[in-house]
>>> print(open('start.txt').read())   # compact mmCIF, C-alpha atoms and all ligand atoms
# COMPACT_ATOMS: atom_id res chain seq x y z
CA MET A 1 13.20 -45.30 121.58
CA THR A 2 11.99 -46.22 125.04
CA LYS A 3 8.26 -46.92 125.18
CA LYS A 4 6.05 -46.42 128.19
CA SER A 5 5.71 -49.56 130.23
CA GLU A 6 2.81 -48.91 132.57
CA TYR A 7 3.60 -49.36 136.27
CA THR A 8 1.01 -51.57 137.94
CA ASP A 9 0.07 -52.26 141.55
CA ASP A 10 0.99 -55.86 141.17
CA TYR A 11 4.65 -56.83 141.62
CA PRO A 12 5.88 -59.67 143.79
CA ASP A 13 8.20 -58.65 146.63
CA LYS A 14 11.77 -59.66 145.95
CA THR A 15 14.47 -59.86 148.60
CA LEU A 16 17.38 -57.73 147.44
CA TYR A 17 20.94 -59.06 147.41
CA ILE A 18 22.12 -56.55 144.83
CA PRO A 19 24.77 -53.90 145.53
CA GLY A 20 21.96 -51.47 146.31
CA PRO A 21 19.22 -50.60 146.89
CA THR A 22 19.12 -53.03 149.79
CA GLU A 23 16.44 -54.35 152.10
CA VAL A 24 14.73 -51.75 154.30
CA ARG A 25 13.02 -52.62 157.60
CA ASP A 26 9.24 -52.36 157.70
CA ASP A 27 9.19 -49.76 160.46
CA VAL A 28 11.58 -47.63 158.39
CA ILE A 29 9.32 -47.87 155.34
CA GLN A 30 6.32 -47.00 157.49
CA ALA A 31 8.08 -43.98 159.00
CA MET A 32 7.75 -42.26 155.62
CA ALA A 33 3.95 -42.34 155.61
CA GLN A 34 3.35 -39.09 157.47
CA PRO A 35 1.29 -36.06 156.55
CA MET A 36 3.62 -33.54 154.96
CA PHE A 37 5.07 -30.62 156.88
CA GLY A 38 6.99 -27.57 155.80
CA HIS A 39 10.74 -27.53 155.46
CA ARG A 40 10.94 -24.25 157.41
CA MET A 41 8.88 -25.45 160.36
CA ASP A 42 10.38 -26.21 163.77
CA ARG A 43 9.49 -29.83 163.17
CA MET A 44 11.95 -29.85 160.27
CA THR A 45 14.67 -28.44 162.49
CA ASP A 46 14.01 -31.24 164.95
CA LEU A 47 14.18 -33.82 162.18
CA TYR A 48 17.29 -32.50 160.43
CA THR A 49 19.33 -31.77 163.55
CA THR A 50 18.42 -35.22 164.89
CA ILE A 51 19.62 -37.06 161.78
CA VAL A 52 22.77 -34.98 161.41
CA GLU A 53 23.84 -35.32 165.04
CA ASP A 54 22.92 -39.02 165.20
CA THR A 55 25.01 -39.62 162.10
CA LYS A 56 28.05 -37.92 163.69
CA THR A 57 27.56 -40.08 166.77
CA PHE A 58 27.22 -43.24 164.73
CA LEU A 59 30.33 -42.52 162.65
CA GLY A 60 32.27 -41.27 165.68
CA THR A 61 33.44 -38.18 163.85
CA ASP A 62 34.04 -34.58 164.93
CA ASN A 63 33.79 -33.48 161.30
CA ASP A 64 30.66 -31.88 159.90
CA VAL A 65 27.84 -33.87 158.30
CA ILE A 66 25.67 -32.85 155.36
CA ILE A 67 22.60 -34.89 154.45
CA LEU A 68 21.44 -33.77 151.06
CA THR A 69 18.62 -34.80 148.76
CA GLY A 70 20.18 -36.54 145.79
CA SER A 71 22.29 -39.60 145.27
CA GLY A 72 25.98 -40.22 145.90
CA THR A 73 26.80 -38.96 142.42
CA GLU A 74 26.09 -35.44 143.70
CA PHE A 75 29.26 -35.47 145.77
CA TRP A 76 31.50 -36.59 142.92
CA GLU A 77 30.53 -33.28 141.35
CA ALA A 78 30.33 -31.12 144.44
CA SER A 79 33.61 -32.28 145.99
CA THR A 80 35.39 -31.66 142.68
CA LEU A 81 33.87 -28.20 142.28
CA ASN A 82 34.52 -27.32 145.92
CA LEU A 83 38.11 -28.48 146.19
CA VAL A 84 39.81 -28.72 142.81
CA ASP A 85 41.32 -25.63 141.18
CA GLU A 86 43.28 -27.50 138.58
CA ASN A 87 44.68 -30.96 139.18
CA ILE A 88 43.07 -34.06 140.60
CA LEU A 89 44.56 -37.53 140.91
CA VAL A 90 42.02 -40.34 140.54
CA PRO A 91 43.23 -43.90 140.91
CA THR A 92 40.85 -46.02 138.82
CA CYS A 93 40.17 -49.70 139.44
CA GLY A 94 36.65 -50.22 138.09
CA SER A 95 33.60 -48.51 136.72
CA PHE A 96 32.75 -46.17 139.60
CA SER A 97 36.26 -44.79 140.11
CA GLU A 98 36.40 -44.35 136.34
CA ARG A 99 33.14 -42.41 136.48
CA HIS A 100 34.53 -40.20 139.25
CA ALA A 101 37.45 -39.33 136.95
CA ASN A 102 35.04 -38.71 134.12
CA VAL A 103 32.93 -36.33 136.22
CA ALA A 104 36.04 -34.30 137.05
CA GLU A 105 36.96 -34.15 133.36
CA ARG A 106 33.50 -32.94 132.46
CA LEU A 107 33.95 -30.16 135.00
CA GLY A 108 37.07 -29.06 133.12
CA LYS A 109 39.63 -30.28 135.63
CA ASP A 110 43.01 -31.69 134.74
CA VAL A 111 42.58 -35.33 135.69
CA ASP A 112 45.43 -37.79 136.11
CA ARG A 113 44.33 -41.38 136.39
CA LEU A 114 46.39 -44.03 138.07
CA GLU A 115 44.95 -47.04 136.29
CA TYR A 116 44.65 -50.47 137.83
CA GLU A 117 43.39 -53.57 136.13
CA TRP A 118 39.82 -54.34 137.20
CA GLY A 119 39.94 -56.56 140.27
CA GLN A 120 43.18 -55.03 141.54
CA ALA A 121 43.28 -52.71 144.53
CA ILE A 122 44.78 -49.24 144.75
CA LYS A 123 48.12 -49.32 146.59
CA PRO A 124 49.23 -46.56 148.97
CA GLU A 125 52.84 -46.82 147.78
CA ASP A 126 51.72 -46.04 144.21
CA ILE A 127 49.94 -42.93 145.44
CA ARG A 128 53.06 -41.88 147.33
CA ALA A 129 55.23 -42.48 144.25
CA GLU A 130 52.87 -40.41 142.11
CA LEU A 131 52.66 -37.53 144.60
CA GLU A 132 56.46 -37.56 145.01
CA SER A 133 57.38 -37.75 141.34
CA SER A 134 54.73 -35.56 139.74
CA ASP A 135 55.68 -32.00 138.89
CA LYS A 136 52.03 -31.03 139.40
CA HIS A 137 50.37 -29.98 142.59
CA TYR A 138 47.29 -32.12 143.12
CA ASP A 139 44.43 -30.34 144.86
CA VAL A 140 42.68 -33.64 145.48
CA VAL A 141 43.36 -37.34 145.57
CA ALA A 142 39.98 -39.05 145.04
CA THR A 143 39.69 -42.71 145.92
CA VAL A 144 36.81 -45.15 145.90
CA MET A 145 36.65 -47.13 149.15
CA ASN A 146 34.52 -49.96 147.81
CA GLU A 147 34.62 -50.42 144.04
CA SER A 148 31.15 -51.94 143.59
CA SER A 149 31.85 -53.08 140.03
CA THR A 150 34.71 -55.39 141.04
CA GLY A 151 34.09 -56.00 144.76
CA VAL A 152 37.41 -54.49 145.77
CA ARG A 153 37.88 -52.75 149.12
CA ASN A 154 40.70 -50.27 148.77
CA PRO A 155 42.97 -49.49 151.73
CA ILE A 156 41.74 -45.94 152.13
CA GLU A 157 43.14 -45.67 155.68
CA GLU A 158 46.72 -46.18 154.46
CA ILE A 159 46.11 -43.99 151.41
CA GLY A 160 44.79 -41.26 153.71
CA ASP A 161 47.95 -41.50 155.81
CA VAL A 162 50.03 -40.96 152.65
CA VAL A 163 47.95 -37.99 151.47
CA ALA A 164 48.33 -36.50 154.98
CA GLU A 165 52.02 -35.95 154.16
CA TYR A 166 50.86 -33.40 151.55
CA PRO A 167 49.00 -30.77 153.57
CA ASP A 168 47.64 -28.85 150.57
CA THR A 169 46.22 -31.96 148.95
CA TYR A 170 42.72 -32.95 150.03
CA PHE A 171 41.62 -36.55 150.35
CA VAL A 172 38.16 -37.39 148.98
CA VAL A 173 36.66 -40.83 149.49
CA ASP A 174 33.69 -42.30 147.65
CA ALA A 175 32.30 -44.69 150.28
CA VAL A 176 28.92 -44.95 148.57
CA SER A 177 28.61 -48.73 148.87
CA SER A 178 30.46 -49.32 152.14
CA LEU A 179 29.94 -46.63 154.77
CA GLY A 180 27.71 -47.99 157.52
CA GLY A 181 28.75 -51.59 156.80
CA ASP A 182 32.53 -51.33 156.89
CA TYR A 183 34.20 -49.47 159.73
CA VAL A 184 36.26 -46.43 158.87
CA ASP A 185 37.90 -44.08 161.33
CA ILE A 186 37.35 -40.88 159.40
CA ASP A 187 39.15 -38.47 161.72
CA GLN A 188 42.26 -40.65 162.16
CA HIS A 189 43.14 -40.94 158.48
CA ASN A 190 42.99 -37.44 157.05
CA VAL A 191 39.73 -38.07 155.22
CA ASP A 192 38.61 -34.58 154.17
CA VAL A 193 35.46 -35.67 152.40
CA ILE A 194 33.69 -39.01 152.54
CA PHE A 195 30.25 -39.65 151.14
CA ALA A 196 27.68 -42.41 150.87
CA SER A 197 24.22 -43.04 149.45
CA THR A 198 21.43 -44.05 151.79
CA GLN A 199 20.26 -47.01 149.68
CA LYS A 200 23.39 -49.07 150.33
CA ALA A 201 24.81 -50.17 153.70
CA PHE A 202 22.69 -47.63 155.60
CA ALA A 203 19.68 -49.74 154.48
CA MET A 204 17.42 -46.79 153.85
CA PRO A 205 15.43 -45.89 150.74
CA PRO A 206 17.37 -44.08 148.00
CA GLY A 207 17.15 -40.32 147.69
CA LEU A 208 19.62 -38.91 150.18
CA THR A 209 23.37 -38.67 150.25
CA VAL A 210 25.51 -38.24 153.35
CA CYS A 211 28.78 -36.36 153.24
CA VAL A 212 31.28 -35.87 156.07
CA VAL A 213 33.47 -32.78 155.63
CA SER A 214 36.64 -31.76 157.49
CA ASP A 215 37.27 -28.20 158.70
CA ASP A 216 40.09 -27.93 156.16
CA ALA A 217 37.81 -28.86 153.28
CA TYR A 218 35.22 -26.35 154.51
CA ASP A 219 37.86 -23.58 154.64
CA ARG A 220 39.26 -24.48 151.27
CA GLU A 221 35.87 -24.05 149.66
CA ILE A 222 35.49 -20.57 151.08
CA GLU A 223 38.50 -19.58 148.99
CA LYS A 224 36.90 -20.82 145.78
CA GLU A 225 34.32 -18.88 143.83
CA SER A 226 33.53 -21.70 141.44
CA ALA A 227 32.34 -24.00 144.21
CA SER A 228 29.13 -25.96 143.88
CA TRP A 229 25.95 -24.11 144.82
CA TYR A 230 23.74 -27.09 145.65
CA GLY A 231 26.49 -29.19 147.22
CA GLY A 232 28.58 -26.27 148.50
CA PHE A 233 30.05 -27.33 151.83
CA GLN A 234 29.90 -23.79 153.10
CA ARG A 235 26.32 -23.18 152.03
CA CYS A 236 25.03 -26.48 153.42
CA LEU A 237 26.91 -26.24 156.71
CA ASP A 238 26.31 -22.55 157.33
CA TYR A 239 22.61 -23.09 156.82
CA TYR A 240 22.75 -25.89 159.34
CA ASP A 241 24.61 -23.67 161.80
CA ARG A 242 22.14 -20.84 161.48
CA LYS A 243 18.86 -22.68 161.09
CA GLY A 244 19.35 -26.41 161.64
CA GLN A 245 17.80 -26.99 158.23
CA THR A 246 18.76 -27.57 154.60
CA HIS A 247 19.22 -24.72 152.12
CA SER A 248 16.44 -26.02 149.85
CA THR A 249 13.45 -28.34 150.16
CA PRO A 250 14.63 -31.83 151.09
CA ALA A 251 13.02 -35.25 150.55
CA ILE A 252 11.23 -35.10 153.90
CA PRO A 253 9.74 -38.62 153.81
CA ILE A 254 13.17 -40.14 153.28
CA MET A 255 14.56 -38.08 156.15
CA LEU A 256 11.80 -39.55 158.33
CA ALA A 257 12.95 -43.01 157.28
CA TYR A 258 16.55 -41.96 157.94
CA ARG A 259 15.71 -40.91 161.47
CA LYS A 260 14.12 -44.26 162.22
CA GLN A 261 16.89 -46.35 160.69
CA MET A 262 19.69 -44.29 162.24
CA LYS A 263 18.26 -45.15 165.68
CA HIS A 264 18.58 -48.84 164.77
CA MET A 265 22.12 -48.17 163.54
CA LEU A 266 23.04 -46.41 166.78
CA GLU A 267 21.73 -49.36 168.74
CA GLU A 268 23.91 -51.79 166.79
CA GLY A 269 26.84 -49.37 166.62
CA HIS A 270 29.50 -48.77 163.97
CA ASP A 271 31.60 -51.67 165.34
CA GLY A 272 28.62 -54.00 165.57
CA ARG A 273 27.61 -53.34 161.98
CA ASP A 274 31.21 -53.78 160.89
CA GLN A 275 31.36 -57.16 162.63
CA ARG A 276 28.07 -58.39 161.14
CA HIS A 277 29.14 -57.33 157.65
CA ARG A 278 32.53 -59.00 158.11
CA GLU A 279 30.81 -62.26 159.02
CA MET A 280 28.57 -62.07 155.95
CA ALA A 281 31.55 -61.31 153.71
CA GLU A 282 33.58 -64.19 155.17
CA TYR A 283 30.69 -66.60 154.72
CA THR A 284 30.15 -65.50 151.12
CA ARG A 285 33.86 -65.77 150.25
CA GLU A 286 34.08 -69.24 151.68
CA TRP A 287 31.03 -70.32 149.72
CA ALA A 288 32.40 -68.68 146.57
CA ARG A 289 35.76 -70.43 146.92
CA ASP A 290 34.03 -73.78 147.42
CA HIS A 291 32.16 -73.43 144.14
CA PHE A 292 33.87 -70.72 142.11
CA ASP A 293 36.58 -68.20 142.92
CA MET A 294 36.71 -64.60 144.09
CA PHE A 295 37.33 -61.95 141.44
CA PRO A 296 39.24 -59.34 143.52
CA GLU A 297 42.89 -59.51 144.33
CA GLU A 298 43.26 -61.59 147.48
CA GLY A 299 43.26 -59.58 150.70
CA TYR A 300 41.23 -56.73 149.20
CA GLU A 301 37.77 -58.31 149.02
CA SER A 302 34.87 -56.03 149.83
CA GLN A 303 32.97 -56.35 153.08
CA THR A 304 29.65 -55.38 151.46
CA VAL A 305 29.69 -56.70 147.86
CA SER A 306 31.25 -60.00 146.82
CA CYS A 307 32.25 -60.21 143.18
CA ILE A 308 32.54 -63.89 142.31
CA GLU A 309 34.44 -65.19 139.31
CA ASN A 310 32.27 -67.53 137.28
CA THR A 311 34.86 -70.30 136.97
CA GLN A 312 32.14 -72.91 136.30
CA GLY A 313 30.74 -71.06 133.32
CA ILE A 314 27.19 -71.07 134.69
CA ASP A 315 24.54 -69.12 132.82
CA VAL A 316 24.64 -66.05 135.08
CA ALA A 317 21.66 -64.21 133.57
CA GLY A 318 19.58 -67.40 133.49
CA THR A 319 20.45 -68.27 137.10
CA ILE A 320 19.54 -64.79 138.30
CA GLU A 321 16.21 -65.04 136.52
CA GLU A 322 15.37 -68.48 137.86
CA VAL A 323 16.39 -67.65 141.43
CA SER A 324 14.15 -64.60 141.17
CA GLU A 325 11.22 -66.63 139.76
CA LYS A 326 11.50 -69.56 142.12
CA TYR A 327 12.73 -67.92 145.33
CA ASP A 328 11.88 -64.22 144.97
CA MET A 329 15.49 -63.26 145.67
CA VAL A 330 17.55 -61.03 143.43
CA PHE A 331 21.32 -60.89 143.06
CA SER A 332 23.44 -59.21 140.38
CA ASN A 333 25.34 -60.13 137.31
CA GLY A 334 28.85 -58.82 136.74
CA TYR A 335 29.25 -55.16 135.90
CA GLY A 336 28.89 -54.11 132.27
CA SER A 337 29.40 -56.20 129.18
CA ALA A 338 32.96 -57.20 130.05
CA LEU A 339 32.15 -58.79 133.40
CA GLY A 340 28.44 -59.52 132.88
CA GLU A 341 28.76 -63.30 132.55
CA GLU A 342 32.35 -63.60 133.77
CA THR A 343 31.40 -62.65 137.32
CA PHE A 344 28.33 -62.22 139.47
CA ARG A 345 27.82 -60.11 142.58
CA ILE A 346 26.12 -60.66 145.90
CA GLY A 347 25.34 -57.57 147.95
CA HIS A 348 25.58 -58.53 151.62
CA MET A 349 24.91 -55.21 153.19
CA GLY A 350 22.38 -53.35 155.26
CA GLU A 351 19.92 -55.57 157.07
CA HIS A 352 21.15 -59.01 156.00
CA ASP A 353 22.93 -61.52 158.20
CA VAL A 354 24.75 -64.79 157.54
CA GLU A 355 21.49 -66.76 157.68
CA SER A 356 19.79 -64.63 155.07
CA ILE A 357 22.86 -64.82 152.81
CA ARG A 358 22.82 -68.59 153.22
CA THR A 359 19.23 -68.74 151.94
CA LEU A 360 20.45 -67.05 148.76
CA THR A 361 23.50 -69.26 148.29
CA ASP A 362 21.29 -72.34 148.86
CA ALA A 363 18.96 -71.05 146.16
CA ILE A 364 21.87 -70.48 143.74
CA GLU A 365 23.17 -73.98 144.45
CA ASP A 366 19.75 -75.40 143.68
CA VAL A 367 19.18 -73.49 140.48
CA ALA A 368 22.72 -73.73 139.08
CA ASP A 369 22.98 -77.37 140.18
CA LEU A 370 26.21 -76.81 142.10
C1 LIG B 1 31.13 -46.94 144.49
C2 LIG B 1 29.97 -46.16 143.97
N1 LIG B 1 30.12 -44.84 143.79
C3 LIG B 1 29.12 -44.08 143.34
C4 LIG B 1 27.89 -44.62 143.01
C5 LIG B 1 26.79 -43.74 142.54
O1 LIG B 1 25.87 -43.66 143.57
P1 LIG B 1 24.37 -43.17 143.32
O2 LIG B 1 23.77 -44.16 142.36
O3 LIG B 1 23.74 -43.20 144.67
O4 LIG B 1 24.48 -41.82 142.74
C6 LIG B 1 27.69 -46.00 143.17
C7 LIG B 1 26.41 -46.61 142.82
O5 LIG B 1 26.23 -47.80 142.85
C8 LIG B 1 28.75 -46.79 143.67
O6 LIG B 1 28.61 -48.10 143.87
>>> encode(input="start.txt", output="C-alpha cells")
Amino acid sequence: MTKKSEYTDDYPDKTLYIPGPTEVRDDVIQAMAQPMFGHRMDRMTDLYTTIVEDTKTFLGTDNDVIILTGSGTEFWEASTLNLVDENILVPTCGSFSERHANVAERLGKDVDRLEYEWGQAIKPEDIRAELESSDKHYDVVATVMNESSTGVRNPIEEIGDVVAEYPDTYFVVDAVSSLGGDYVDIDQHNVDVIFASTQKAFAMPPGLTVCVVSDDAYDREIEKESASWYGGFQRCLDYYDRKGQTHSTPAIPIMLAYRKQMKHMLEEGHDGRDQRHREMAEYTREWARDHFDMFPEEGYESQTVSCIENTQGIDVAGTIEEVSEKYDMVFSNGYGSALGEETFRIGHMGEHDVESIRTLTDAIEDVADL
C-alpha cells in the first residue's frame, strides 16, 4: 500500500534531461501566475484563439488544431473512438506503441499488431504488405513517430505516403515526444491525426495535449455515434468555430504558459527547432558511440531522446543517482525492467542545446569514470 509522503517546500532544482517533462523557461513559468479568469470571458477567447492559430502557424499546417486539457494519452483513446469502427493496425516497436494497441483493445476494437523487436523501426514496406495482403479493411493505421522507450524515430512520412494509397484508411500518429523538436510536414504526408503532449519538445508544463486533425478525419467522426465526447474532433472544433473557446473548463494557467512559449517557438521556427534538435542528437550519438553504443537500429535514431546501450555495464541506477546528487542533473534509465540497466536515455529536447547536453555528458563521464 502506498503511504503518504508529505510534499515539502524544500527540493533542490534539478535540470531535466529525461524524456519529459523537460526544462521550461522562467518567463513561461511566470506566465502562469495570473489572477484567474473565467473560461467564457472574452479574455479566454483571446487566449485560446491565439494559441490555436499560433500553433497552426508554427507547424505550417492548414489542418485544424485542438488544444485540450489532459495528456497525450487522451488522444490514443479519442482518435480510436473517433475513427475506428472495427479494425485498427498498430505497428508496435516499444512500450508506447504497445500501449496504443492496448488502449484500442480496451475500447473493444479489433487490433492487429505488426510487431517489431524493441530497437527496430517500423518499415513502410511492411505496412504496405500488410494493407495489401490483409482481407480486413483497416479504419486506422496508428504509428508512433518517436518511440520514447527505445529512442527510435519511425519514418512516418513514408508510412503516411503508403497509407495515402488507401483512401478509407486514416493515418494516426503519436508524436508525443517529438513534435516541436523534429520537423514533420503534416499536410504533405496524409497525416490525419497527429498529437503531442506539452511537457516534451514544446518545453511547456504538462497538462495540455495538442492534436492536429485533417478535414477527412473530422468528417469521418461525424458519421460515428460512438465517438469520444471529451476528445470528439467535431465537438472540440465546432466549439472553436462558434466561440473560440474549449467545450469545458481548460487548465487556464497552462494555456497562459503555452501562449508565452509558443511565441518563443514562432521566433525560432519549426525549421530552427528541428536544426537545434538535430545538432543535439548528433552530439549525443557521437558521445554515445565513443563510450557505449546506440540502442536503436542505425539510421532510425530519435532526434529528441537518445537510448544508449550500456555496453560498459555501468551501474545505471547508481550513476543517475550520483549525477543527480553531485550535479543536480537528471537523466533516465532504460525503459521497464527489461531495458532498465541495459540502456539509459538522455532527453535532448525543448530548451536544451549542445552545450547544455555536454554538461550532462561531462557529468556522466566523471561519475561513471569513463
Ligand atoms: C511516445 C509516447 N506516447 C504517449 C505518451 C503518453 O503521454 P502522456 O504521458 O502525456 O499521456 C508518452 C509519454 O511519455 C510517449 O513518450
>>> residues_around(input="start.txt", residues="stretch 41-50 of chain A", least_positions_apart="4", cutoff="10 Å", atoms="all atoms listed in the file", output="VMD selection string")
chain A and resid 37 54 to 55 66 to 67 240 to 241 243 to 246 250 252 255 to 256 258 to 259 262 to 263
>>> residues_near_ligand(input="start.txt", ligand="ligand LIG 1 (chain B)", cutoff="8 Å", atoms="only C-alpha atoms and all ligand atoms", output="PyMOL selection string")
chain A and resi 19-20+70-74+76+96-97+100+144-149+174-177+196-199+206-207+209
>>> write_last_selection(input="start.txt", atoms="C-alpha atoms", output="compact mmCIF listing (two decimals), in the frame of the given file")
# COMPACT_ATOMS: atom_id res chain seq x y z
CA PRO A 19 24.77 -53.90 145.53
CA GLY A 20 21.96 -51.47 146.31
CA GLY A 70 20.18 -36.54 145.79
CA SER A 71 22.29 -39.60 145.27
CA GLY A 72 25.98 -40.22 145.90
CA THR A 73 26.80 -38.96 142.42
CA GLU A 74 26.09 -35.44 143.70
CA TRP A 76 31.50 -36.59 142.92
CA PHE A 96 32.75 -46.17 139.60
CA SER A 97 36.26 -44.79 140.11
CA HIS A 100 34.53 -40.20 139.25
CA VAL A 144 36.81 -45.15 145.90
CA MET A 145 36.65 -47.13 149.15
CA ASN A 146 34.52 -49.96 147.81
CA GLU A 147 34.62 -50.42 144.04
CA SER A 148 31.15 -51.94 143.59
CA SER A 149 31.85 -53.08 140.03
CA ASP A 174 33.69 -42.30 147.65
CA ALA A 175 32.30 -44.69 150.28
CA VAL A 176 28.92 -44.95 148.57
CA SER A 177 28.61 -48.73 148.87
CA ALA A 196 27.68 -42.41 150.87
CA SER A 197 24.22 -43.04 149.45
CA THR A 198 21.43 -44.05 151.79
CA GLN A 199 20.26 -47.01 149.68
CA PRO A 206 17.37 -44.08 148.00
CA GLY A 207 17.15 -40.32 147.69
CA THR A 209 23.37 -38.67 150.25
>>> closest_residue(input="start.txt", among="A:Arg235, A:Arg345, A:Lys224, A:Arg99", to="A:Leu83", atoms="all atoms listed in the file")
A:Lys224
>>> residues_near_point(input="start.txt", point="(18.5, -51.5, 149.8)", cutoff="7 Å", atoms="all atoms listed in the file", output="PyMOL selection string")
chain A and resi 16+20-24+199-200+203-205+350
>>> residues_around(input="start.txt", residues="A:Arg358", least_positions_apart="2", cutoff="12 Å", atoms="all atoms listed in the file", output="tab-separated table (two decimals) with C-alpha atoms, in the frame of the given file")
chain	number	residue	atom	x	y	z
A	17	TYR	CA	20.94	-59.06	147.41
A	279	GLU	CA	30.81	-62.26	159.02
A	280	MET	CA	28.57	-62.07	155.95
A	281	ALA	CA	31.55	-61.31	153.71
A	282	GLU	CA	33.58	-64.19	155.17
A	283	TYR	CA	30.69	-66.60	154.72
A	284	THR	CA	30.15	-65.50	151.12
A	285	ARG	CA	33.86	-65.77	150.25
A	286	GLU	CA	34.08	-69.24	151.68
A	287	TRP	CA	31.03	-70.32	149.72
A	288	ALA	CA	32.40	-68.68	146.57
A	329	MET	CA	15.49	-63.26	145.67
A	346	ILE	CA	26.12	-60.66	145.90
A	348	HIS	CA	25.58	-58.53	151.62
A	352	HIS	CA	21.15	-59.01	156.00
A	353	ASP	CA	22.93	-61.52	158.20
A	354	VAL	CA	24.75	-64.79	157.54
A	355	GLU	CA	21.49	-66.76	157.68
A	356	SER	CA	19.79	-64.63	155.07
A	360	LEU	CA	20.45	-67.05	148.76
A	361	THR	CA	23.50	-69.26	148.29
A	362	ASP	CA	21.29	-72.34	148.86
A	363	ALA	CA	18.96	-71.05	146.16
A	364	ILE	CA	21.87	-70.48	143.74
A	365	GLU	CA	23.17	-73.98	144.45
>>> axis_aligned_box(input="start.txt", around="stretch 188-201 of chain A", padding_each_side="4 Å", output="AutoDock Vina command-line options")
--center_x 31.7 --center_y -42.4 --center_z 155.8 --size_x 30.9 --size_y 23.6 --size_z 20.7
>>> closest_residue(input="start.txt", among="A:Glu130, A:Gln188, A:Val330, A:Thr311", to="A:Glu115", atoms="only C-alpha atoms")
A:Glu130
>>> closest_residue(input="start.txt", among="A:Val103, A:Asn87, A:Asp182, A:Gly119", to="A:Val141", atoms="all atoms listed in the file")
A:Asn87
>>> residues_around(input="start.txt", residues="A:Gly160", least_positions_apart="4", cutoff="6 Å", atoms="all atoms listed in the file", output="VMD selection string")
chain A and resid 156 189 to 190
>>> residues_around(input="start.txt", residues="A:Arg128", least_positions_apart="6", cutoff="12 Å", atoms="only C-alpha atoms", output="PDB file with C-alpha atoms, in the coordinates of the input")
ATOM      1  CA  LEU A  89      44.560 -37.530 140.910  1.00  0.00           C
ATOM      2  CA  PRO A  91      43.230 -43.900 140.910  1.00  0.00           C
ATOM      3  CA  LEU A 114      46.390 -44.030 138.070  1.00  0.00           C
ATOM      4  CA  ILE A 122      44.780 -49.240 144.750  1.00  0.00           C
ATOM      5  CA  SER A 134      54.730 -35.560 139.740  1.00  0.00           C
ATOM      6  CA  VAL A 141      43.360 -37.340 145.570  1.00  0.00           C
ATOM      7  CA  GLU A 158      46.720 -46.180 154.460  1.00  0.00           C
ATOM      8  CA  ILE A 159      46.110 -43.990 151.410  1.00  0.00           C
ATOM      9  CA  GLY A 160      44.790 -41.260 153.710  1.00  0.00           C
ATOM     10  CA  ASP A 161      47.950 -41.500 155.810  1.00  0.00           C
ATOM     11  CA  VAL A 162      50.030 -40.960 152.650  1.00  0.00           C
ATOM     12  CA  VAL A 163      47.950 -37.990 151.470  1.00  0.00           C
ATOM     13  CA  ALA A 164      48.330 -36.500 154.980  1.00  0.00           C
ATOM     14  CA  GLU A 165      52.020 -35.950 154.160  1.00  0.00           C
ATOM     15  CA  TYR A 166      50.860 -33.400 151.550  1.00  0.00           C
TER      16      TYR A 166
END
>>> residues_around(input="start.txt", residues="stretch 335-339 of chain A", least_positions_apart="4", cutoff="10 Å", atoms="only C-alpha atoms", output="ChimeraX atom specification")
/A:94-95,118,148-150,307,309-310,343-345
>>> atom_distance(input="start.txt", atom1="atom CA of A:Gly108", atom2="atom CA of A:Glu86")
8.4 Å
>>> atom_distance(input="start.txt", atom1="atom CA of A:Ile194", atom2="atom CA of A:Glu351")
22.0 Å
>>> closest_residue(input="start.txt", among="A:Val191, A:Glu325, A:Gln120, A:Gly151", to="A:Ile308", atoms="only C-alpha atoms")
A:Gly151
>>> closest_residue(input="start.txt", among="A:Gln30, A:Thr359, A:Thr92, A:Thr169", to="A:Lys260", atoms="all atoms listed in the file")
A:Gln30
>>> atom_distance(input="start.txt", atom1="atom CA of A:Ala31", atom2="atom CA of A:Ser324")
27.9 Å
>>> closest_residue(input="start.txt", among="A:Val111, A:Ile186, A:Val172, A:Ala121", to="A:Cys93", atoms="all atoms listed in the file")
A:Ala121
>>> build_atoms(input="start.txt", residues="stretch 332-339 of chain A", atoms="N, CA, C and O atoms", output="compact mmCIF listing (two decimals), keeping the file's coordinate frame")
# COMPACT_ATOMS: atom_id res chain seq x y z
N SER A 332 23.03 -59.98 141.56
CA SER A 332 23.44 -59.21 140.38
C SER A 332 24.40 -59.95 139.48
O SER A 332 25.26 -60.70 139.97
N ASN A 333 24.32 -59.64 138.22
CA ASN A 333 25.34 -60.13 137.31
C ASN A 333 26.61 -59.29 137.49
O ASN A 333 26.65 -58.36 138.28
N GLY A 334 27.64 -59.63 136.70
CA GLY A 334 28.85 -58.82 136.74
C GLY A 334 28.58 -57.47 136.12
O GLY A 334 27.56 -57.27 135.45
N TYR A 335 29.50 -56.53 136.34
CA TYR A 335 29.25 -55.16 135.90
C TYR A 335 29.59 -54.99 134.42
O TYR A 335 30.70 -55.32 133.98
N GLY A 336 28.64 -54.46 133.67
CA GLY A 336 28.89 -54.11 132.27
C GLY A 336 29.06 -55.34 131.39
O GLY A 336 28.96 -56.48 131.85
N SER A 337 29.34 -55.07 130.11
CA SER A 337 29.40 -56.20 129.18
C SER A 337 30.64 -57.05 129.41
O SER A 337 30.62 -58.26 129.23
N ALA A 338 31.72 -56.43 129.88
CA ALA A 338 32.96 -57.20 130.05
C ALA A 338 32.83 -58.25 131.15
O ALA A 338 33.28 -59.38 130.99
N LEU A 339 32.21 -57.88 132.26
CA LEU A 339 32.15 -58.79 133.40
C LEU A 339 30.79 -59.45 133.59
O LEU A 339 30.62 -60.28 134.46
